[in-house]
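J.: I have a structure here, written as structure tokens, and I will follow up with some questions on it.
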Amino acid sequence: ETHVSLLHVFFCLQKYFFIFLTRKFILFLISKWKMKEHAEKPVTDEYFESYENLEVHELMLLDSARTGAYRDAILQNCELIKDKIVMDIGCGTGILSLFCAQAGAKKVFAIEASNVAKVAEEIATENNFEDVIEVFHGRVEDFRLPADIEAVDIIVSEWMGFYLVHESMLESYLFARDNFLSKDGLMFPDTASIYTAPCQLPQMFELWEEFNGLRMSSFGQRLRAQKSSRPEIMQLDQSQLLHPGELLAWIDLKTVTHEDVDSIGETFLMLSQDFGNFQGVCIWFECTFPSHGDNLPITLSTGPKDEATHWKQTVIVLPDTSILTVEPNEAMAYELSIKRNPSTARGYTLQLDQIDADEVDHPIPCDCILTKCIVLKSHLAKFEGRCDDEEESEEEDENEVCDNEEEEQPRE
Ligand SMILES: [Zn+2]
């Protein structure tokens with residue numbers, strides 16, 4: 001049987017690697033294996049199994065930007081939640097359910113597919129919310145509301161992955177919306193945006209040009225080549241962005257469909273805000289939450305200028321051959337797309353196409369330093385100036401257009 005042969009292989013291997021293996025390690029491996037065999041009706045999906053590692057939950061709980069945003073969105077707007085029926089999708093340790101219970105929710109259905117569900121139940125009891133929070137150990141797709149409850153008033157979920165959609169938990173969030181949320185129900189969060197900006201990556205390029213007084217560029221080059229097949233998850237400093245960032249997608253979570261996010265793509269033309277090297281493309285996201293009355297909506301932002309989160313930023317490193325040295329107002333162009341892989345349910349493909357800035361349409365007027373844009377802009381300024389003279393227009397906006405460069409229009 002496989003059982004025996006696996007053990008056999010294991011002990012054969014052990015003969016060769018005995019120096020590295022302690023008995024404790026062997027016992028751990030065997031016991032883990034046995035546990036898996038004996039678990040009744042295990043959730044076999046690797047994705048859910050990974051959430052049984054409590055360190056993942058520790059990381060998320062200690063992410064104060066994340067936890068704080070949800071806490072503030074829920075507790076500062078408790079009027080929205082008081083006496084309402086709430087559903088928490090992928091509740092993990094159940095902290096969002098607890099915030100909702102604190103805000104006065106009548107009932108919280110906390111859905112969790114992994115075994116952390118047991119911990120969530122214990123924590124609810126620890127906080128005397130066992131009558132409010134009902135933990136369902138399973139997938140939201142298998143959940144049924146009690147017969148006397150028709151729909152829930154609020155859905156909360158921290159479903160976001162790297163570059164927002166990685167892991168595709170959005171699917172479950174939307175499934176819950178379509179199957180359990182009342183018509184005027186609220187979603188926490190209710191909008192999501194994905195941003196992108198060109199960036200420089202000195203920690204991957206310049207660092208190896210001079211490392212401890214030595215040149216290690218051939219190492220740097222190979223390292224980058226090795227990393228180039230997949231995006232890097234890293235925290236950038238704001239100063240590394242060559243542009244404040246543009247919107248790749250804005251998602252209204254109340255109305256978006258699953259198919260809407262199957263493929264997201266856009267062509268960008270951005271002008272560098274500084275001298276630098278266009279070495280990569282940075283991607284991050286932002287979510288907003290519903291707010292009560294005049295309260296400003298709470299925003300959870302994961303960009304380089306925001307408090308660092310466990311999502312960091314997603315960075316696509318450009319191949320060495322296409323690095324551009326840029327100066328202020330120099331145009332950079334690229335096309336970025338995020339597409340769901342039809343083969344793996346939870347996978348997405350990020351694609352970056354660098355485009356010659358000369359080959360894309362520039363706005364009119366354009367502030368970039370390409371000759372055609374400089375010429376066109378100065379012509380427009382002259383033309384605007386003439387129009388102003390003829391019509392004796394004194395509008396402030398036009399004044400601004402005419403203000404620059406050679407032809408200063410005399411104004412009273
Ligand atoms: Zn231009």
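Following the order of the structure tokens, first chain is A, next is B, and so on, with residues numbered from 1 inside each chain and ligands from 1 in the order they appear.
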List the spatial neighbours of stretch 68-76 of chain A as a ChimeraX atom specification - criterion: any atom at most 10 Å away, only C-alpha atoms, same-chain residues fewer than 2 positions off excluded.
T.: /A:61-66,78-82,95-104,156-158,188-189,287-292,295-301
J.: Could you give me the residues within 6 Å of ligand 1, counting only C-alpha atoms and all ligand atoms, as JSON, numbers by chain?
T.: {"A": [362, 366, 367, 368, 370, 373]}
J.: Please produce a file of those selected residues containing N, CA and C atoms, as a PDB file, in the first residue's frame.
T.:
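Listing of out_4.pdb after writing:
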ATOM      1  N   HIS A 362      -1.284  61.212 -26.636  1.00  0.00           N
ATOM      2  CA  HIS A 362      -1.035  62.102 -25.500  1.00  0.00           C
ATOM      3  C   HIS A 362      -2.205  63.065 -25.373  1.00  0.00           C
ATOM      4  N   CYS A 366      -0.393  68.553 -23.558  1.00  0.00           N
ATOM      5  CA  CYS A 366       0.329  67.592 -22.731  1.00  0.00           C
ATOM      6  C   CYS A 366       1.563  68.272 -22.156  1.00  0.00           C
ATOM      7  N   ASP A 367       1.843  67.988 -20.897  1.00  0.00           N
ATOM      8  CA  ASP A 367       2.981  68.624 -20.218  1.00  0.00           C
ATOM      9  C   ASP A 367       4.291  67.886 -20.409  1.00  0.00           C
ATOM     10  N   CYS A 368       4.275  66.820 -21.211  1.00  0.00           N
ATOM     11  CA  CYS A 368       5.501  66.006 -21.306  1.00  0.00           C
ATOM     12  C   CYS A 368       6.554  66.697 -22.151  1.00  0.00           C
ATOM     13  N   LEU A 370       8.220  65.511 -24.785  1.00  0.00           N
ATOM     14  CA  LEU A 370       8.374  65.119 -26.191  1.00  0.00           C
ATOM     15  C   LEU A 370       8.210  66.368 -27.053  1.00  0.00           C
ATOM     16  N   CYS A 373       4.767  67.387 -28.232  1.00  0.00           N
ATOM     17  CA  CYS A 373       3.874  67.922 -27.200  1.00  0.00           C
ATOM     18  C   CYS A 373       4.263  69.347 -26.807  1.00  0.00           C
TER      19      CYS A 373
END
J.: Check the DSSP output for the backbone and give back, as number ranges by chain, the residues of stretch 309-345 of chain A in strand (DSSP E or B).
T.: A: 313-317, 324-326, 331-340
J.: Using only C-alpha atoms, which residues sit within 8 Å of A:Ile264 once same-chain residues fewer than 2 positions away are excluded, as a PDB file with N, CA and C atoms, in the first residue's frame?
T.:
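Below is the file result05.pdb, written as the result:
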ATOM      1  N   LEU A 248      -6.383  51.832 -11.931  1.00  0.00           N
ATOM      2  CA  LEU A 248      -6.501  50.729 -12.888  1.00  0.00           C
ATOM      3  C   LEU A 248      -7.953  50.251 -12.924  1.00  0.00           C
ATOM      4  N   ALA A 249      -8.588  50.211 -11.753  1.00  0.00           N
ATOM      5  CA  ALA A 249      -9.986  49.779 -11.711  1.00  0.00           C
ATOM      6  C   ALA A 249     -10.657  50.329 -10.458  1.00  0.00           C
ATOM      7  N   ASP A 260     -17.105  40.803 -14.284  1.00  0.00           N
ATOM      8  CA  ASP A 260     -16.485  42.129 -14.415  1.00  0.00           C
ATOM      9  C   ASP A 260     -15.017  42.113 -14.014  1.00  0.00           C
ATOM     10  N   VAL A 261     -14.689  41.254 -13.055  1.00  0.00           N
ATOM     11  CA  VAL A 261     -13.304  41.239 -12.574  1.00  0.00           C
ATOM     12  C   VAL A 261     -12.487  40.080 -13.144  1.00  0.00           C
ATOM     13  N   ASP A 262     -13.045  39.386 -14.139  1.00  0.00           N
ATOM     14  CA  ASP A 262     -12.291  38.316 -14.797  1.00  0.00           C
ATOM     15  C   ASP A 262     -11.092  38.880 -15.536  1.00  0.00           C
ATOM     16  N   GLU A 266      -5.748  48.225 -18.698  1.00  0.00           N
ATOM     17  CA  GLU A 266      -5.744  49.648 -19.023  1.00  0.00           C
ATOM     18  C   GLU A 266      -4.368  50.022 -19.580  1.00  0.00           C
ATOM     19  N   SER A 337      -2.534  44.453 -17.272  1.00  0.00           N
ATOM     20  CA  SER A 337      -3.794  43.710 -17.183  1.00  0.00           C
ATOM     21  C   SER A 337      -3.722  42.644 -16.094  1.00  0.00           C
ATOM     22  N   ILE A 338      -4.868  42.401 -15.500  1.00  0.00           N
ATOM     23  CA  ILE A 338      -5.015  41.349 -14.492  1.00  0.00           C
ATOM     24  C   ILE A 338      -6.122  40.437 -15.000  1.00  0.00           C
ATOM     25  N   LYS A 339      -5.750  39.180 -15.272  1.00  0.00           N
ATOM     26  CA  LYS A 339      -6.742  38.257 -15.846  1.00  0.00           C
ATOM     27  C   LYS A 339      -6.815  36.985 -15.028  1.00  0.00           C
TER      28      LYS A 339
END
J.: Give me, please, the distance in Å between atom CA of A:Glu330 and atom CA of A:Leu223, quoted to one decimal.
T.: 28.4 Å
J.: Return the single residue from A:Tyr195, A:Phe143, A:Phe129, A:Tyr334 that is closest to A:Glu112, with distances computed using only C-alpha atoms.
T.: A:Phe143
J.: Counting only C-alpha atoms, which residue out of A:Pro365, A:Asp356, A:Phe278, A:Asn341 sits closest to A:Ser378?
T.: A:Pro365
J.: When distances are computed from only C-alpha atoms, which of A:Glu206, A:Glu286, A:Asp306, A:Glu335 shows the smallest separation from A:Met270?
T.: A:Glu335
J.: Using only C-alpha atoms, which residue out of A:Gly347, A:Gly94, A:Pro319, A:Gly185 lies closest to A:Glu122?
T.: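 Of the candidates, the smallest distance to A:Glu122 is held by A:Gly94.
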J.: So which one's closest to A:Thr371, A:Leu145, A:Ala331, A:Cys282, A:Leu207? Using only C-alpha atoms, please.
T.: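 Ranking A:Leu145, A:Ala331, A:Cys282, A:Leu207 by distance to A:Thr371, first place goes to A:Ala331.
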